[in-house]
Amino acid sequence: MKTEQSARPPDVNRRDLLLYARPPGWVNPVPAAPYDLIVLGAGPAGLTAASMAAQRGAKVALVERNLLGGVSLQTGSVPSKALISAAHFYTTMQNAEKMGAVLPDVIQKGFGGAMERMRRLRTRLAQYQSAERLTLAGIDLYFGAARFTGRDALMVDATPLRFAKMLIATGARPKPNVIPGIEEAGYCTTENIFDLEERPRRLLVIGGGPTGCELAQTFCRLGSHVVIAQDEPKFLPREERDAAQILSESLARDGVEIHLNTRVVAVRAGAGGEKLADLLADEQLNTLTVDHILAGVGRTPNVEDLGLGTAGIDCDGQGIRVDDFQCTANPLVYAAGDVCLEHRFAHVAEASARVAVANALFGGQERMSALTIPWCTYTDPEIAHVGLYVSEARDRSIPVRTFTVMMQDTDRAMLDGQEQGFVKVHVRDGSDEVIGATIVAAHAGEMINEITLAIDARIGLSTLAKIIHAYPTQASAIKMAADAYVRWKTRLTHDIARPPWPTE
């Protein structure tokens, strides 16, 4: 993959990040024989698994090819959310007059400052999963390339290791882009977009999934002219149509130039580092000139050069094949995280690692399918979901009744000036069993946790109606939806019985 190479100055943050994530001159330990558990990959899944096993007395080795923290820390959730926060701050300043504030004539958008803050915070978080802390926790840490040499053995560079159980958590990376000419012209992915030192004047974002939408809005708010091209009729294809529509309107209001039902069919290099992208929509071809291209369509699992066949582990284009207990075709080897899961989120990777370790080392029978998994797209407003969509429930012949509250009807959202969005709670018709929910709101990622608990703990919507929520909060929209269920359930279908009027 030929992506654009941006300068990576040897600044203090980068230096300190490497001190924590891969200390210079690191010497791998002398191996134990065999380890109770070897964990391959030190992203969210691998770090969770290694720490959980070590805390419960297992002899653990953790092997990492690159940097501790994995995609989440280096190029994923951490840097993206730091930039999202900075971009949100600039937007808040621009809209401060609506809150009665007096603004200066010019608000300077400091792209360089936002990037420096992101790197500083990334380095700070790297301390909590540093090489030193891992070794102090009793984990043998190896840096190097690993390859299976048998069903219970592998090599890390030239060092042989043996294990009773193994967990593969090598993660995933952006898919190679197949658009003609894009390799020659150069482009960015999430692996290097956070290395930029200068704000892109004109940025084309290819793909309208969660990452594409988050970064399109963020770079636009930081001062770039952003064009987003999505080859489907709406953003976030998995989400409900009205949620995607609210997001589309929000992006347009921020100034993002939106092209739906549009494919980028070719890219070529222009003069002075410019890139010319051919966009096809409704059989019409238009050429767009930009300075940078961010291609964010899809991820592919990191399984190359591991020697999986030698260990009897099955793999396909979607990743390592595991059963509901996270076990591979080799009963000694488990897998967790993006290398084997459909839902590629850090919190899901961590949850799958806990399932795998409990089953591999401690005789558990925990099933991944039993977990209730929420997710959130961190645009403004945020879009969060948990459980079943209505279409999924219908496919399973589950009757559904939905209770909806618009955020504009909640006092706190009105007071905050954050009235976009809604809370939709789906129950199994004929009961108060919560089977799913979608929340579109400024703080949807926080609010969805209450619904997740309700589903996981089998707390019915009528019980949520009895929960006293602090006033005023945006989460009161959830109680309002629960109240709507109670009103519907207890509605009167006949005249109220009245005592007879007294007679003279």
# chains A, B, ... in the order shown; residues from 1 in each chain; ligands from 1
>>> closest_atom_pairs(of="segment 309-330 of chain A", to="segment 359-362 of chain A", cutoff="12 Å", atoms="only C-alpha atoms", output="Markdown table")
| residue | atom | partner | partner_atom | distance |
| --- | --- | --- | --- | --- |
| A:Asp323 | CA | A:Asn359 | CA | 11.7 |
| A:Asp324 | CA | A:Asn359 | CA | 10.6 |
| A:Phe325 | CA | A:Asn359 | CA | 6.9 |
| A:Gln326 | CA | A:Asn359 | CA | 8.3 |
| A:Cys327 | CA | A:Ala360 | CA | 8.0 |
| A:Thr328 | CA | A:Ala360 | CA | 11.0 |
| A:Asn330 | CA | A:Ala360 | CA | 11.7 |
>>> write_last_selection(atoms="N, CA, C and O atoms", output="tab-separated table (two decimals), in the first residue's frame")
chain	number	residue	atom	x	y	z
A	323	ASP	N	-15.13	-20.20	17.40
A	323	ASP	CA	-16.48	-20.58	17.79
A	323	ASP	C	-17.03	-19.55	18.77
A	323	ASP	O	-16.41	-18.50	19.01
A	324	ASP	N	-18.15	-19.85	19.37
A	324	ASP	CA	-18.80	-18.89	20.27
A	324	ASP	C	-18.02	-18.69	21.55
A	324	ASP	O	-18.28	-17.74	22.31
A	325	PHE	N	-17.05	-19.57	21.82
A	325	PHE	CA	-16.22	-19.46	23.01
A	325	PHE	C	-14.89	-18.78	22.71
A	325	PHE	O	-14.01	-18.72	23.55
A	326	GLN	N	-14.71	-18.29	21.47
A	326	GLN	CA	-13.50	-17.63	20.96
A	326	GLN	C	-12.35	-18.61	20.73
A	326	GLN	O	-11.19	-18.22	20.66
A	327	CYS	N	-12.67	-19.90	20.61
A	327	CYS	CA	-11.65	-20.91	20.36
A	327	CYS	C	-11.51	-21.16	18.87
A	327	CYS	O	-12.50	-21.19	18.13
A	328	THR	N	-10.27	-21.36	18.41
A	328	THR	CA	-10.00	-21.66	17.01
A	328	THR	C	-10.13	-23.16	16.77
A	328	THR	O	-10.50	-23.93	17.67
A	330	ASN	N	-7.75	-25.09	16.55
A	330	ASN	CA	-6.78	-25.67	17.47
A	330	ASN	C	-7.27	-25.41	18.89
A	330	ASN	O	-7.34	-24.26	19.31
>>> residues_around(residues="segment 367-377 of chain A", least_positions_apart="3", cutoff="7 Å", atoms="only C-alpha atoms", output="list in words")
Pro210, Asp324, Phe325, Ser352, Val355, Glu382, Ile383, Ala384, His385, Val386, Gly387, Gly445, Thr452 and Asp456 of chain A
>>> write_last_selection(atoms="C-alpha atoms", output="mmCIF file, in the first residue's frame")
data_model
loop_
_atom_site.group_PDB
_atom_site.id
_atom_site.type_symbol
_atom_site.label_atom_id
_atom_site.label_comp_id
_atom_site.auth_asym_id
_atom_site.auth_seq_id
_atom_site.Cartn_x
_atom_site.Cartn_y
_atom_site.Cartn_z
ATOM 1 C CA PRO A 210 -18.291 5.749 11.210
ATOM 2 C CA ASP A 324 -18.799 -18.889 20.266
ATOM 3 C CA PHE A 325 -16.217 -19.457 23.015
ATOM 4 C CA SER A 352 -13.890 -10.856 23.690
ATOM 5 C CA VAL A 355 -14.348 -14.328 27.310
ATOM 6 C CA GLU A 382 -23.465 11.157 18.312
ATOM 7 C CA ILE A 383 -25.301 8.073 17.050
ATOM 8 C CA ALA A 384 -25.408 5.090 19.424
ATOM 9 C CA HIS A 385 -27.107 1.744 19.139
ATOM 10 C CA VAL A 386 -27.547 -1.459 21.118
ATOM 11 C CA GLY A 387 -29.517 -4.631 20.538
ATOM 12 C CA GLY A 445 -22.489 7.372 23.779
ATOM 13 C CA THR A 452 -27.402 -1.694 27.526
ATOM 14 C CA ASP A 456 -28.288 -7.276 29.801
#
>>> atom_distance(atom1="atom CA of Val12 of chain A", atom2="atom CA of Val78 of chain A")
18.2 Å
>>> select_by_dssp(residues="segment 186-276 of chain A", states="strand (DSSP E)", output="list in words")
Arg202, Leu203, Leu204, Val205, Ile206, His225, Val226, Val227, Ile228, Ala229, Glu257, Ile258, His259, Arg263, Val264, Val265, Ala266, Val267, Arg268, Ala269, Lys275 and Leu276 of chain A
>>> select_by_dssp(residues="segment 189-266 of chain A", states="helix (DSSP H, G or I)", output="count of residues only")
29
>>> residues_around(residues="segment 50-60 of chain A", least_positions_apart="2", cutoff="7 Å", atoms="only C-alpha atoms", output="PDB file with C-alpha atoms, in the first residue's frame")
ATOM      1  CA  TYR A  35       3.933 -20.327  29.453  1.00  0.00           C
ATOM      2  CA  ASP A  36       0.408 -20.787  30.764  1.00  0.00           C
ATOM      3  CA  LEU A  37      -0.676 -18.224  28.178  1.00  0.00           C
ATOM      4  CA  ILE A  38       1.055 -16.447  25.330  1.00  0.00           C
ATOM      5  CA  VAL A  39      -0.776 -13.427  23.964  1.00  0.00           C
ATOM      6  CA  GLY A  46      -4.102  -8.418  24.029  1.00  0.00           C
ATOM      7  CA  LEU A  47      -3.466  -6.030  26.914  1.00  0.00           C
ATOM      8  CA  THR A  48      -6.749  -6.987  28.556  1.00  0.00           C
ATOM      9  CA  LEU A  62       2.913 -10.839  25.658  1.00  0.00           C
ATOM     10  CA  GLY A 138       4.582 -10.013  36.086  1.00  0.00           C
ATOM     11  CA  ILE A 139       4.144 -10.218  32.318  1.00  0.00           C
ATOM     12  CA  ASP A 140       7.077 -11.282  30.141  1.00  0.00           C
ATOM     13  CA  VAL A 357      -9.163 -15.997  28.865  1.00  0.00           C
TER      14      VAL A 357
END
>>> closest_residue(among="A:Ala131, A:Leu161, A:Cys213, A:Met407", to="Ala33 of chain A", atoms="only C-alpha atoms")
A:Leu161
>>> closest_atom_pairs(of="segment 374-420 of chain A", to="segment 466-490 of chain A", cutoff="10 Å", atoms="only C-alpha atoms", output="CSV")
residue,atom,partner,partner_atom,distance
A:Arg401,CA,A:Tyr485,CA,9.3
A:Thr402,CA,A:Tyr485,CA,8.8
A:Phe403,CA,A:Ala481,CA,5.6
A:Thr404,CA,A:Ala481,CA,6.0
A:Val405,CA,A:Ala481,CA,5.8
A:Met406,CA,A:Ala477,CA,7.7
A:Met407,CA,A:Ala477,CA,6.8
A:Gln408,CA,A:Ala477,CA,9.6
A:Asp409,CA,A:Ala477,CA,8.1
A:Thr410,CA,A:Ala477,CA,6.2
A:Asp411,CA,A:Pro472,CA,6.5
A:Arg412,CA,A:Pro472,CA,5.2
A:Ala413,CA,A:Gln474,CA,5.7
A:Met414,CA,A:Gln474,CA,9.2
A:Leu415,CA,A:Pro472,CA,9.1
A:Asp416,CA,A:Gln474,CA,9.2
A:Gln418,CA,A:Gln474,CA,9.3
A:Glu419,CA,A:Gln474,CA,9.7
>>> write_last_selection(atoms="N, CA, C and O atoms", output="compact mmCIF listing (two decimals), in the first residue's frame")
# COMPACT_ATOMS: atom_id res chain seq x y z
N ARG A 401 -42.63 -3.05 19.21
CA ARG A 401 -43.29 -1.76 19.40
C ARG A 401 -42.21 -0.76 19.81
O ARG A 401 -41.37 -1.06 20.67
N THR A 402 -42.21 0.41 19.20
CA THR A 402 -41.16 1.40 19.41
C THR A 402 -41.72 2.64 20.10
O THR A 402 -42.80 3.12 19.74
N PHE A 403 -40.96 3.14 21.07
CA PHE A 403 -41.32 4.36 21.78
C PHE A 403 -40.22 5.39 21.53
O PHE A 403 -39.05 5.14 21.80
N THR A 404 -40.62 6.54 21.00
CA THR A 404 -39.68 7.55 20.53
C THR A 404 -39.90 8.86 21.28
O THR A 404 -41.04 9.30 21.46
N VAL A 405 -38.79 9.47 21.68
CA VAL A 405 -38.81 10.80 22.28
C VAL A 405 -37.81 11.67 21.51
O VAL A 405 -36.65 11.28 21.33
N MET A 406 -38.24 12.81 21.05
CA MET A 406 -37.35 13.75 20.37
C MET A 406 -36.55 14.53 21.41
O MET A 406 -37.11 14.97 22.44
N MET A 407 -35.28 14.73 21.14
CA MET A 407 -34.44 15.44 22.11
C MET A 407 -34.92 16.86 22.34
O MET A 407 -34.72 17.43 23.42
N GLN A 408 -35.57 17.47 21.34
CA GLN A 408 -36.06 18.83 21.50
C GLN A 408 -37.16 18.92 22.56
O GLN A 408 -37.50 20.02 23.02
N ASP A 409 -37.70 17.77 22.95
CA ASP A 409 -38.74 17.74 23.97
C ASP A 409 -38.18 17.55 25.37
O ASP A 409 -38.97 17.46 26.33
N THR A 410 -36.87 17.47 25.51
CA THR A 410 -36.26 17.35 26.83
C THR A 410 -35.73 18.71 27.26
O THR A 410 -35.10 19.42 26.46
N ASP A 411 -35.95 19.05 28.50
CA ASP A 411 -35.56 20.38 28.98
C ASP A 411 -34.06 20.62 28.84
O ASP A 411 -33.62 21.69 28.41
N ARG A 412 -33.26 19.62 29.23
CA ARG A 412 -31.81 19.85 29.25
C ARG A 412 -31.25 20.04 27.85
O ARG A 412 -30.36 20.88 27.63
N ALA A 413 -31.73 19.26 26.88
CA ALA A 413 -31.25 19.43 25.51
C ALA A 413 -31.59 20.83 25.01
O ALA A 413 -30.79 21.47 24.32
N MET A 414 -32.77 21.34 25.37
CA MET A 414 -33.15 22.69 24.98
C MET A 414 -32.23 23.71 25.64
O MET A 414 -31.74 24.65 24.99
N LEU A 415 -31.96 23.55 26.93
CA LEU A 415 -31.11 24.48 27.66
C LEU A 415 -29.68 24.46 27.14
O LEU A 415 -28.98 25.49 27.13
N ASP A 416 -29.22 23.27 26.70
CA ASP A 416 -27.85 23.14 26.18
C ASP A 416 -27.73 23.59 24.73
O ASP A 416 -26.62 23.66 24.20
N GLN A 418 -28.80 21.76 22.28
CA GLN A 418 -28.44 20.50 21.61
C GLN A 418 -29.72 19.69 21.36
O GLN A 418 -29.89 18.59 21.86
N GLU A 419 -30.60 20.25 20.56
CA GLU A 419 -31.94 19.68 20.40
C GLU A 419 -32.04 18.66 19.27
O GLU A 419 -33.09 18.04 19.09
>>> closest_residue(among="A:Ala311, A:Ala169, A:Ala153, A:Ala49", to="Gly70 of chain A", atoms="only C-alpha atoms")
A:Ala169
